Amino acid sequence: MPVEIVTGNHAAGYTLAVAGEANRNARGATCGIYPITPQTEIVEKVAAFPFTKGRVVPVESEHSAMGVVIGASLGGARAFTASSSNGLAYMVENIMVAGFYRLPVVMVAVNRTLGPPWNIWSDQGDTLMLRDFPWIQLYCSDNQEVSDLTLMAFRLAEDHRILLPVLVSMDAFIVSHTQQETNLPSQELADQFLPELDLPQRMRHDDPKTLGGMVWPDTTTTLRMEAHEAMLRVPEVYEECRQAFRDVFDRDPGAPIETFHTDDAETILVASATVATTARDVVRRRRASGEKVGLVKMRMFRPFPEEALRTACASASRVGVLDRDYAAGLGGVWWQDTRAAFQGHREDLVIQDYLLGIGGGDVTPETVDRVLDDLGTREKAGPPEWADIRREEVLA
Amino acid sequence: MIMPSCSLLHLADEDDDRVFEMGDYEGPIARWCSGCGDHSVLTAAQRLMADKQLKPETTVFVSGIGCSSRFPHYMNTYGFHGIHGRALPVATGVKLSRPELDVFAVMGDGDCVSIGAGHWIHATRYNLDMVALLLDNNIYGLTKKQTSPTTPRGYKSNTQPRGSYLLPMNPLEATLGVTNASFVAQTAEWIPAHLFATLKAAYEHRGFAFVRVLQRCPHFMPDLFTDAVKTPDMIEILDHPEGIRAAGIEKIYKNTTRHDPADLNRARELAEDMSAIRLGLFFRDESRPRYEETRALQKRTAREKMDLLNEDFDRYAV
């Protein structure tokens, strides 16, 4: 398929649709949709797609959208939806249900600041809020990644060693509404890449049963443990899916983490989504002037790629985590997990948090420069830094 | 930093001799599209406040999410721009904790009929003394043309590009079907006199006053009421001495039907029959139990309270 110029939203909507269409020989596709800025174009793109076998259900709320997805997946459809911000917050109850039913459904989320006060700009607080649910979480920096990882998400989710839902996220407007050259999957290649849908939990005429009954604590514990063990298998299965993707599409959808000049770096930034793209430019420039700085771009958040992160930061003495999110009373979410990944492994490592771009604030190269200037002088980590707030200006 | 809010003029004062004009209730310039029906409702609400001399600091507008939910931003009163579909529970909390305040809930068809439909039904049943406005333009406007539950069948939108395939919800029929409904009216934003008279009747009603305002959306549902606006005979005014009478419209709107708003069965028939666009008061019954009365604390003397306490202690005496 030729390269097209599309927005991140249209890349996601189109890819969800071809993935749904790829199941046309079975139960088809089902998508529950409810509009919310800045995600609406995704569901509109899906709604306009000429499915051979499939239903797009314009439900009355996000909660119902995920409800339809759950029911359709149990019925044997390839099911997916998209949402954002407070829409995700309202959907939470059913998001958890999809996870613990182990339904391999896919959701694309456009990261938008949770209200109040109302704000439609980018902030990862909405999807990171789902961190304790059994969902695989992937973060994208550009439209190609959105399309590739959305397709990857289905194969990864549906693998019988995994059977967990997958969330694919992109930054509001910076990706969702920006047009870029994107190599979209043709239906033929999507058919080739995605295996026939085989859902062990689906309703079967030869095995009628009730799901979700009342249980004793030991059953709940066992189910939680099984979900955890499936999470632990993700890195291995992801690599298999990645190889299959390369074989079909002749391009790399990317590893769970991507490293940039980390081999001999003394100072490393950990970032995700478009903040990572800006940080990469700054790192490239400072490398050219001889500074030993590097970058880890986090593509996967759940399961948290702890081991890969530790390996990538082996040479570093300082790590700065860039968080476009804020967990009240603690700091950045990526920072917390980064600290946890090194706990017991690298007690000497300075791991400093920088909260930036909160509520959609622009993360400029100058901001990242300030972060690196600050990080380079640190002998030990302090409390999270609000990198966009200049305290002298606030106090004035 | 505190959340943005309207600045309030004064605190309540018994010696208050202020006289309010419509302009005193105006907030910032409304940023709805030109031609949007929300402007009309905003003006009518400000006119009602001036007519009733309501104080900005004792009036609360609660909204959800949607074009119409920007309403509180443009009123110089207390306001709460809440969560999609949840205006009514918030308004319920405000009214129960501060019964002396005048509470208005402003919702669109997305808020009320779609994502918040459960609250609409239960707020009707609670029958708290407040005004609930459904600004119904039959489309999701804020997110730019997606099918809403009241979108006419066959209408092509961005979420149903081949045309809406479900029958639209009829909010009047639904409200009239809810247990304990006490006031149900319909008006149109392009008839300011009727709109004002309806808001006034709703405000004066003791109980939950549900008003559906038919609205034009010039961008995403441009032709829905074009014929009705040009052809007044398409509008049927419900007329009755106990109903809503808007002075000065009778020369234009000659198509009237006599309907006693005490007649619930007839109200349901009129709401269900879609052969005409009916404006007026469908139903009113002020004798229906109101939540604040049903749950009111009984006033007792100190002696009575002490007796009750002793009675309770005696139950556990050994």
# chains A, B, ... in the order shown; residues from 1 in each chain; ligands from 1
call {"tool": "residues_around", "arguments": {"residues": "Ala44 (chain B)", "least_positions_apart": "4", "cutoff": "9 Å", "atoms": "only C-alpha atoms", "output": "MDAnalysis selection string"}}
result
chainID B and resid 39:40 48:49 192:193 195:196 199
call {"tool": "interface_residues", "arguments": {"of": "chain A", "to": "chain B", "cutoff": "6 Å", "atoms": "only C-alpha atoms", "output": "ChimeraX atom specification"}}
result
/A:44,47,60-61
call {"tool": "residues_around", "arguments": {"residues": "Val166 (chain A)", "least_positions_apart": "6", "cutoff": "9 Å", "atoms": "only C-alpha atoms", "output": "list in words"}}
result
Pro104, Val105, Val106, Met107, Val108, Pro134, Trp135, Ile136, Gln137, Leu138, Thr150, Ala153, Phe154, Leu156 and Ala157 of chain A
call {"tool": "atom_distance", "arguments": {"atom1": "CA of Val283 (chain A)", "atom2": "CA of Ala312 (chain A)"}}
result
15.3 Å
call {"tool": "residues_around", "arguments": {"residues": "region 33-35 of chain B", "least_positions_apart": "3", "cutoff": "9 Å", "atoms": "only C-alpha atoms", "output": "JSON, numbers by chain"}}
result
{"B": [30, 38, 39, 216, 217, 218, 219]}
call {"tool": "atom_distance", "arguments": {"atom1": "CA of Ser169 (chain A)", "atom2": "CA of Leu197 (chain A)"}}
result
23.3 Å
call {"tool": "residues_around", "arguments": {"residues": "Ile36 (chain A)", "least_positions_apart": "4", "cutoff": "9 Å", "atoms": "only C-alpha atoms", "output": "PyMOL selection string"}}
result
(chain A and resi 40+83-87) or (chain B and resi 143)
call {"tool": "select_by_dssp", "arguments": {"residues": "region 156-294 of chain B", "states": "strand (DSSP E)", "output": "MDAnalysis selection string"}}
result
chainID B and resid 183:188 208:214 235:239 256:258 277:284
call {"tool": "write_last_selection", "arguments": {"atoms": "N, CA, C and O atoms", "output": "mmCIF file, in the first residue's frame"}}
result
data_model
loop_
_atom_site.group_PDB
_atom_site.id
_atom_site.type_symbol
_atom_site.label_atom_id
_atom_site.label_comp_id
_atom_site.auth_asym_id
_atom_site.auth_seq_id
_atom_site.Cartn_x
_atom_site.Cartn_y
_atom_site.Cartn_z
ATOM 1 N N PHE B 183 -43.573 18.307 36.194
ATOM 2 C CA PHE B 183 -43.670 19.450 35.277
ATOM 3 C C PHE B 183 -42.912 19.094 33.999
ATOM 4 O O PHE B 183 -41.711 18.836 34.036
ATOM 5 N N VAL B 184 -43.607 19.073 32.887
ATOM 6 C CA VAL B 184 -42.977 18.740 31.605
ATOM 7 C C VAL B 184 -43.470 19.737 30.557
ATOM 8 O O VAL B 184 -44.670 19.839 30.295
ATOM 9 N N ALA B 185 -42.530 20.465 29.960
ATOM 10 C CA ALA B 185 -42.904 21.470 28.958
ATOM 11 C C ALA B 185 -41.935 21.419 27.788
ATOM 12 O O ALA B 185 -40.824 20.900 27.900
ATOM 13 N N GLN B 186 -42.397 21.976 26.670
ATOM 14 C CA GLN B 186 -41.517 22.084 25.495
ATOM 15 C C GLN B 186 -41.653 23.487 24.905
ATOM 16 O O GLN B 186 -42.748 24.038 24.821
ATOM 17 N N THR B 187 -40.503 24.048 24.502
ATOM 18 C CA THR B 187 -40.526 25.348 23.869
ATOM 19 C C THR B 187 -39.485 25.345 22.752
ATOM 20 O O THR B 187 -38.855 24.312 22.497
ATOM 21 N N ALA B 188 -39.349 26.484 22.063
ATOM 22 C CA ALA B 188 -38.392 26.561 20.954
ATOM 23 C C ALA B 188 -37.591 27.844 21.079
ATOM 24 O O ALA B 188 -38.142 28.896 21.436
ATOM 25 N N PHE B 208 -39.576 19.488 40.325
ATOM 26 C CA PHE B 208 -38.591 19.325 39.255
ATOM 27 C C PHE B 208 -39.239 19.707 37.916
ATOM 28 O O PHE B 208 -40.114 19.000 37.413
ATOM 29 N N ALA B 209 -38.829 20.855 37.375
ATOM 30 C CA ALA B 209 -39.438 21.353 36.146
ATOM 31 C C ALA B 209 -38.548 20.989 34.966
ATOM 32 O O ALA B 209 -37.429 21.493 34.835
ATOM 33 N N PHE B 210 -39.039 20.100 34.125
ATOM 34 C CA PHE B 210 -38.262 19.638 32.968
ATOM 35 C C PHE B 210 -38.729 20.379 31.722
ATOM 36 O O PHE B 210 -39.901 20.306 31.344
ATOM 37 N N VAL B 211 -37.795 21.096 31.090
ATOM 38 C CA VAL B 211 -38.123 21.862 29.895
ATOM 39 C C VAL B 211 -37.224 21.414 28.750
ATOM 40 O O VAL B 211 -35.993 21.476 28.851
ATOM 41 N N ARG B 212 -37.841 20.959 27.683
ATOM 42 C CA ARG B 212 -37.066 20.654 26.484
ATOM 43 C C ARG B 212 -37.154 21.865 25.553
ATOM 44 O O ARG B 212 -38.244 22.298 25.177
ATOM 45 N N VAL B 213 -35.976 22.389 25.206
ATOM 46 C CA VAL B 213 -35.927 23.524 24.290
ATOM 47 C C VAL B 213 -35.479 23.012 22.925
ATOM 48 O O VAL B 213 -34.368 22.468 22.793
ATOM 49 N N LEU B 214 -36.341 23.147 21.919
ATOM 50 C CA LEU B 214 -35.958 22.742 20.559
ATOM 51 C C LEU B 214 -34.979 23.778 20.018
ATOM 52 O O LEU B 214 -35.235 24.976 20.101
ATOM 53 N N ILE B 235 -46.255 24.656 13.897
ATOM 54 C CA ILE B 235 -46.152 24.642 15.361
ATOM 55 C C ILE B 235 -47.559 24.611 15.946
ATOM 56 O O ILE B 235 -48.429 25.374 15.530
ATOM 57 N N GLU B 236 -47.769 23.719 16.886
ATOM 58 C CA GLU B 236 -49.071 23.660 17.557
ATOM 59 C C GLU B 236 -48.865 24.087 19.011
ATOM 60 O O GLU B 236 -48.093 23.460 19.747
ATOM 61 N N ILE B 237 -49.525 25.178 19.380
ATOM 62 C CA ILE B 237 -49.360 25.701 20.740
ATOM 63 C C ILE B 237 -50.393 25.052 21.660
ATOM 64 O O ILE B 237 -51.589 25.056 21.354
ATOM 65 N N LEU B 238 -49.908 24.491 22.756
ATOM 66 C CA LEU B 238 -50.832 23.920 23.751
ATOM 67 C C LEU B 238 -51.381 25.075 24.582
ATOM 68 O O LEU B 238 -50.617 25.819 25.200
ATOM 69 N N ASP B 239 -52.674 25.221 24.571
ATOM 70 C CA ASP B 239 -53.271 26.390 25.213
ATOM 71 C C ASP B 239 -54.236 25.976 26.319
ATOM 72 O O ASP B 239 -55.029 25.038 26.146
ATOM 73 N N THR B 256 -53.518 26.193 17.490
ATOM 74 C CA THR B 256 -53.500 25.872 18.928
ATOM 75 C C THR B 256 -54.368 24.653 19.228
ATOM 76 O O THR B 256 -55.287 24.320 18.482
ATOM 77 N N THR B 257 -54.019 24.002 20.321
ATOM 78 C CA THR B 257 -54.824 22.876 20.817
ATOM 79 C C THR B 257 -55.077 23.107 22.299
ATOM 80 O O THR B 257 -54.156 23.472 23.026
ATOM 81 N N ARG B 258 -56.316 22.921 22.695
ATOM 82 C CA ARG B 258 -56.610 23.099 24.113
ATOM 83 C C ARG B 258 -56.179 21.834 24.855
ATOM 84 O O ARG B 258 -56.555 20.725 24.493
ATOM 85 N N ILE B 277 -45.278 19.834 15.760
ATOM 86 C CA ILE B 277 -44.315 20.254 16.775
ATOM 87 C C ILE B 277 -45.116 20.990 17.843
ATOM 88 O O ILE B 277 -45.646 22.074 17.587
ATOM 89 N N ARG B 278 -45.257 20.407 19.006
ATOM 90 C CA ARG B 278 -46.116 20.994 20.040
ATOM 91 C C ARG B 278 -45.286 21.730 21.085
ATOM 92 O O ARG B 278 -44.317 21.181 21.622
ATOM 93 N N LEU B 279 -45.690 22.953 21.344
ATOM 94 C CA LEU B 279 -45.006 23.741 22.358
ATOM 95 C C LEU B 279 -45.999 24.099 23.453
ATOM 96 O O LEU B 279 -47.147 24.431 23.166
ATOM 97 N N GLY B 280 -45.524 24.054 24.682
ATOM 98 C CA GLY B 280 -46.391 24.441 25.788
ATOM 99 C C GLY B 280 -46.209 23.513 26.971
ATOM 100 O O GLY B 280 -45.276 22.703 27.016
ATOM 101 N N LEU B 281 -47.143 23.623 27.898
ATOM 102 C CA LEU B 281 -47.070 22.815 29.108
ATOM 103 C C LEU B 281 -47.846 21.520 28.898
ATOM 104 O O LEU B 281 -49.063 21.537 28.723
ATOM 105 N N PHE B 282 -47.131 20.417 28.919
ATOM 106 C CA PHE B 282 -47.770 19.117 28.743
ATOM 107 C C PHE B 282 -48.396 18.639 30.057
ATOM 108 O O PHE B 282 -49.494 18.101 30.072
ATOM 109 N N PHE B 283 -47.644 18.844 31.138
ATOM 110 C CA PHE B 283 -48.135 18.299 32.412
ATOM 111 C C PHE B 283 -47.575 19.090 33.584
ATOM 112 O O PHE B 283 -46.416 19.496 33.580
ATOM 113 N N ARG B 284 -48.464 19.300 34.578
ATOM 114 C CA ARG B 284 -47.994 19.912 35.831
ATOM 115 C C ARG B 284 -48.839 19.378 36.972
ATOM 116 O O ARG B 284 -50.070 19.301 36.880
#
call {"tool": "atom_distance", "arguments": {"atom1": "CA of Gly28 (chain A)", "atom2": "CA of Asp207 (chain A)"}}
result
21.3 Å
call {"tool": "select_by_dssp", "arguments": {"residues": "region 17-255 of chain B", "states": "helix (DSSP H, G or I)", "output": "PyMOL selection string"}}
result
chain B and resi 22-25+38-52+56-58+68-74+87-97+109-115+117-126+171-176+192-204+226-230+232-234
call {"tool": "residues_around", "arguments": {"residues": "Asp129 (chain B)", "least_positions_apart": "3", "cutoff": "10 Å", "atoms": "only C-alpha atoms", "output": "list in words"}}
result
Thr92, Lys95, Leu96, Pro99, Leu101, Asp102, Val103, Phe104, Tyr126, Ala132, Ala202, Tyr203, Glu204, His205, Arg206, Gly207, Phe208, Ala209, Arg290, Tyr291, Glu292 and Glu293 of chain B
call {"tool": "residues_around", "arguments": {"residues": "Pro232 (chain B)", "least_positions_apart": "2", "cutoff": "8 Å", "atoms": "only C-alpha atoms", "output": "list in words"}}
result
Ala228, Val229, Lys230, Met234, Ile235, Ile252, Tyr253, Lys254 and Asn255 of chain B
call {"tool": "write_last_selection", "arguments": {"atoms": "all heavy atoms", "output": "PDB file, in the first residue's frame"}}
result
ATOM      1  N   ALA B 228     -40.110  24.749  10.056  1.00  0.00           N
ATOM      2  CA  ALA B 228     -40.929  25.134  11.218  1.00  0.00           C
ATOM      3  C   ALA B 228     -40.771  26.618  11.528  1.00  0.00           C
ATOM      4  O   ALA B 228     -41.720  27.277  11.955  1.00  0.00           O
ATOM      5  CB  ALA B 228     -40.533  24.297  12.427  1.00  0.00           C
ATOM      6  N   VAL B 229     -39.546  27.132  11.315  1.00  0.00           N
ATOM      7  CA  VAL B 229     -39.307  28.556  11.583  1.00  0.00           C
ATOM      8  C   VAL B 229     -40.073  29.402  10.553  1.00  0.00           C
ATOM      9  O   VAL B 229     -40.680  30.416  10.893  1.00  0.00           O
ATOM     10  CB  VAL B 229     -37.797  28.873  11.546  1.00  0.00           C
ATOM     11  CG1 VAL B 229     -37.551  30.380  11.639  1.00  0.00           C
ATOM     12  CG2 VAL B 229     -37.085  28.161  12.687  1.00  0.00           C
ATOM     13  N   LYS B 230     -40.064  28.946   9.292  1.00  0.00           N
ATOM     14  CA  LYS B 230     -40.701  29.725   8.217  1.00  0.00           C
ATOM     15  C   LYS B 230     -42.215  29.541   8.185  1.00  0.00           C
ATOM     16  O   LYS B 230     -42.937  30.388   7.666  1.00  0.00           O
ATOM     17  CB  LYS B 230     -40.132  29.300   6.858  1.00  0.00           C
ATOM     18  CG  LYS B 230     -38.699  29.764   6.634  1.00  0.00           C
ATOM     19  CD  LYS B 230     -38.212  29.279   5.279  1.00  0.00           C
ATOM     20  CE  LYS B 230     -36.772  29.681   5.040  1.00  0.00           C
ATOM     21  NZ  LYS B 230     -36.186  28.952   3.906  1.00  0.00           N
ATOM     22  N   MET B 234     -46.854  24.992  11.319  1.00  0.00           N
ATOM     23  CA  MET B 234     -46.315  23.671  11.687  1.00  0.00           C
ATOM     24  C   MET B 234     -46.199  23.522  13.208  1.00  0.00           C
ATOM     25  O   MET B 234     -46.026  22.427  13.732  1.00  0.00           O
ATOM     26  CB  MET B 234     -44.929  23.456  11.070  1.00  0.00           C
ATOM     27  CG  MET B 234     -44.959  23.162   9.574  1.00  0.00           C
ATOM     28  SD  MET B 234     -43.298  23.020   8.917  1.00  0.00           S
ATOM     29  CE  MET B 234     -42.728  21.540   9.712  1.00  0.00           C
ATOM     30  N   ILE B 235     -46.255  24.656  13.897  1.00  0.00           N
ATOM     31  CA  ILE B 235     -46.152  24.642  15.361  1.00  0.00           C
ATOM     32  C   ILE B 235     -47.559  24.611  15.946  1.00  0.00           C
ATOM     33  O   ILE B 235     -48.429  25.374  15.530  1.00  0.00           O
ATOM     34  CB  ILE B 235     -45.446  25.922  15.873  1.00  0.00           C
ATOM     35  CG1 ILE B 235     -44.098  26.126  15.190  1.00  0.00           C
ATOM     36  CG2 ILE B 235     -45.341  25.925  17.400  1.00  0.00           C
ATOM     37  CD1 ILE B 235     -42.979  25.290  15.707  1.00  0.00           C
ATOM     38  N   ILE B 252     -49.180  35.162  15.241  1.00  0.00           N
ATOM     39  CA  ILE B 252     -48.314  34.377  14.336  1.00  0.00           C
ATOM     40  C   ILE B 252     -48.615  32.881  14.490  1.00  0.00           C
ATOM     41  O   ILE B 252     -48.773  32.167  13.503  1.00  0.00           O
ATOM     42  CB  ILE B 252     -46.830  34.657  14.635  1.00  0.00           C
ATOM     43  CG1 ILE B 252     -46.558  36.150  14.458  1.00  0.00           C
ATOM     44  CG2 ILE B 252     -45.914  33.835  13.719  1.00  0.00           C
ATOM     45  CD1 ILE B 252     -45.209  36.592  15.000  1.00  0.00           C
ATOM     46  N   TYR B 253     -48.719  32.473  15.729  1.00  0.00           N
ATOM     47  CA  TYR B 253     -48.932  31.045  15.970  1.00  0.00           C
ATOM     48  C   TYR B 253     -50.410  30.799  16.258  1.00  0.00           C
ATOM     49  O   TYR B 253     -50.862  30.859  17.411  1.00  0.00           O
ATOM     50  CB  TYR B 253     -48.020  30.568  17.110  1.00  0.00           C
ATOM     51  CG  TYR B 253     -46.566  30.674  16.713  1.00  0.00           C
ATOM     52  CD1 TYR B 253     -45.818  31.803  17.037  1.00  0.00           C
ATOM     53  CD2 TYR B 253     -45.963  29.680  15.948  1.00  0.00           C
ATOM     54  CE1 TYR B 253     -44.501  31.922  16.629  1.00  0.00           C
ATOM     55  CE2 TYR B 253     -44.639  29.789  15.533  1.00  0.00           C
ATOM     56  CZ  TYR B 253     -43.920  30.910  15.878  1.00  0.00           C
ATOM     57  OH  TYR B 253     -42.620  31.019  15.459  1.00  0.00           O
ATOM     58  N   LYS B 254     -51.135  30.575  15.169  1.00  0.00           N
ATOM     59  CA  LYS B 254     -52.595  30.458  15.295  1.00  0.00           C
ATOM     60  C   LYS B 254     -53.051  29.013  15.494  1.00  0.00           C
ATOM     61  O   LYS B 254     -54.209  28.755  15.815  1.00  0.00           O
ATOM     62  CB  LYS B 254     -53.263  31.033  14.039  1.00  0.00           C
ATOM     63  CG  LYS B 254     -53.011  32.543  13.921  1.00  0.00           C
ATOM     64  CD  LYS B 254     -53.472  33.063  12.573  1.00  0.00           C
ATOM     65  CE  LYS B 254     -53.162  34.551  12.452  1.00  0.00           C
ATOM     66  NZ  LYS B 254     -53.217  35.022  11.074  1.00  0.00           N
ATOM     67  N   ASN B 255     -52.144  28.099  15.246  1.00  0.00           N
ATOM     68  CA  ASN B 255     -52.468  26.685  15.361  1.00  0.00           C
ATOM     69  C   ASN B 255     -52.383  26.276  16.837  1.00  0.00           C
ATOM     70  O   ASN B 255     -51.294  26.087  17.374  1.00  0.00           O
ATOM     71  CB  ASN B 255     -51.480  25.887  14.499  1.00  0.00           C
ATOM     72  CG  ASN B 255     -51.762  24.395  14.523  1.00  0.00           C
ATOM     73  OD1 ASN B 255     -52.778  23.959  15.059  1.00  0.00           O
ATOM     74  ND2 ASN B 255     -50.857  23.624  13.947  1.00  0.00           N
TER      75      ASN B 255
END
call {"tool": "closest_residue", "arguments": {"among": "B:Gln46, B:Thr301, B:Gln215, B:Asn180", "to": "Gly108 (chain B)", "atoms": "only C-alpha atoms"}}
result
B:Gln215
call {"tool": "closest_residue", "arguments": {"among": "A:Ser317, A:Thr15, A:Asn119, A:Ser64", "to": "Asn183 (chain A)", "atoms": "only C-alpha atoms"}}
result
A:Thr15
call {"tool": "closest_residue", "arguments": {"among": "B:Gly64, B:Gly248, B:Pro72, B:Pro171", "to": "Arg268 (chain B)", "atoms": "only C-alpha atoms"}}
result
B:Pro171
call {"tool": "decode", "arguments": {"residues": "region 265-278 of chain B", "atoms": "N, CA, C and O atoms", "output": "CSV table (one decimal), in the first residue's frame"}}
result
chain,number,residue,atom,x,y,z
B,265,ASN,N,-52.7,11.5,30.9
B,265,ASN,CA,-52.9,10.6,29.8
B,265,ASN,C,-52.9,11.3,28.5
B,265,ASN,O,-52.3,10.9,27.5
B,266,ARG,N,-53.6,12.4,28.5
B,266,ARG,CA,-53.7,13.3,27.2
B,266,ARG,C,-52.3,13.8,26.9
B,266,ARG,O,-51.9,13.9,25.8
B,267,ALA,N,-51.6,14.2,28.0
B,267,ALA,CA,-50.2,14.7,27.8
B,267,ALA,C,-49.3,13.7,27.1
B,267,ALA,O,-48.6,14.0,26.2
B,268,ARG,N,-49.5,12.5,27.6
B,268,ARG,CA,-48.7,11.4,27.0
B,268,ARG,C,-49.0,11.2,25.5
B,268,ARG,O,-48.2,10.9,24.7
B,269,GLU,N,-50.3,11.2,25.2
B,269,GLU,CA,-50.8,11.1,23.8
B,269,GLU,C,-50.2,12.2,23.0
B,269,GLU,O,-49.7,11.9,21.9
B,270,LEU,N,-50.3,13.4,23.5
B,270,LEU,CA,-49.8,14.5,22.7
B,270,LEU,C,-48.3,14.5,22.5
B,270,LEU,O,-47.7,14.8,21.4
B,271,ALA,N,-47.6,14.0,23.5
B,271,ALA,CA,-46.1,13.9,23.4
B,271,ALA,C,-45.7,12.8,22.4
B,271,ALA,O,-44.7,12.9,21.7
B,272,GLU,N,-46.5,11.7,22.4
B,272,GLU,CA,-46.1,10.6,21.6
B,272,GLU,C,-46.4,10.9,20.1
B,272,GLU,O,-45.7,10.4,19.2
B,273,ASP,N,-47.4,11.6,19.8
B,273,ASP,CA,-47.9,11.9,18.4
B,273,ASP,C,-47.0,12.9,17.8
B,273,ASP,O,-46.9,14.1,18.2
B,274,MET,N,-46.2,12.5,16.8
B,274,MET,CA,-45.2,13.4,16.2
B,274,MET,C,-45.8,14.1,14.9
B,274,MET,O,-45.0,14.6,14.1
B,275,SER,N,-47.1,14.2,14.8
B,275,SER,CA,-47.6,14.8,13.5
B,275,SER,C,-47.5,16.3,13.6
B,275,SER,O,-47.6,17.0,12.6
B,276,ALA,N,-47.2,16.9,14.8
B,276,ALA,CA,-47.0,18.4,14.9
B,276,ALA,C,-45.9,18.6,15.9
B,276,ALA,O,-45.6,17.8,16.7
B,277,ILE,N,-45.3,19.8,15.8
B,277,ILE,CA,-44.3,20.3,16.8
B,277,ILE,C,-45.1,21.0,17.8
B,277,ILE,O,-45.6,22.1,17.6
B,278,ARG,N,-45.3,20.4,19.0
B,278,ARG,CA,-46.1,21.0,20.0
B,278,ARG,C,-45.3,21.7,21.1
B,278,ARG,O,-44.3,21.2,21.6
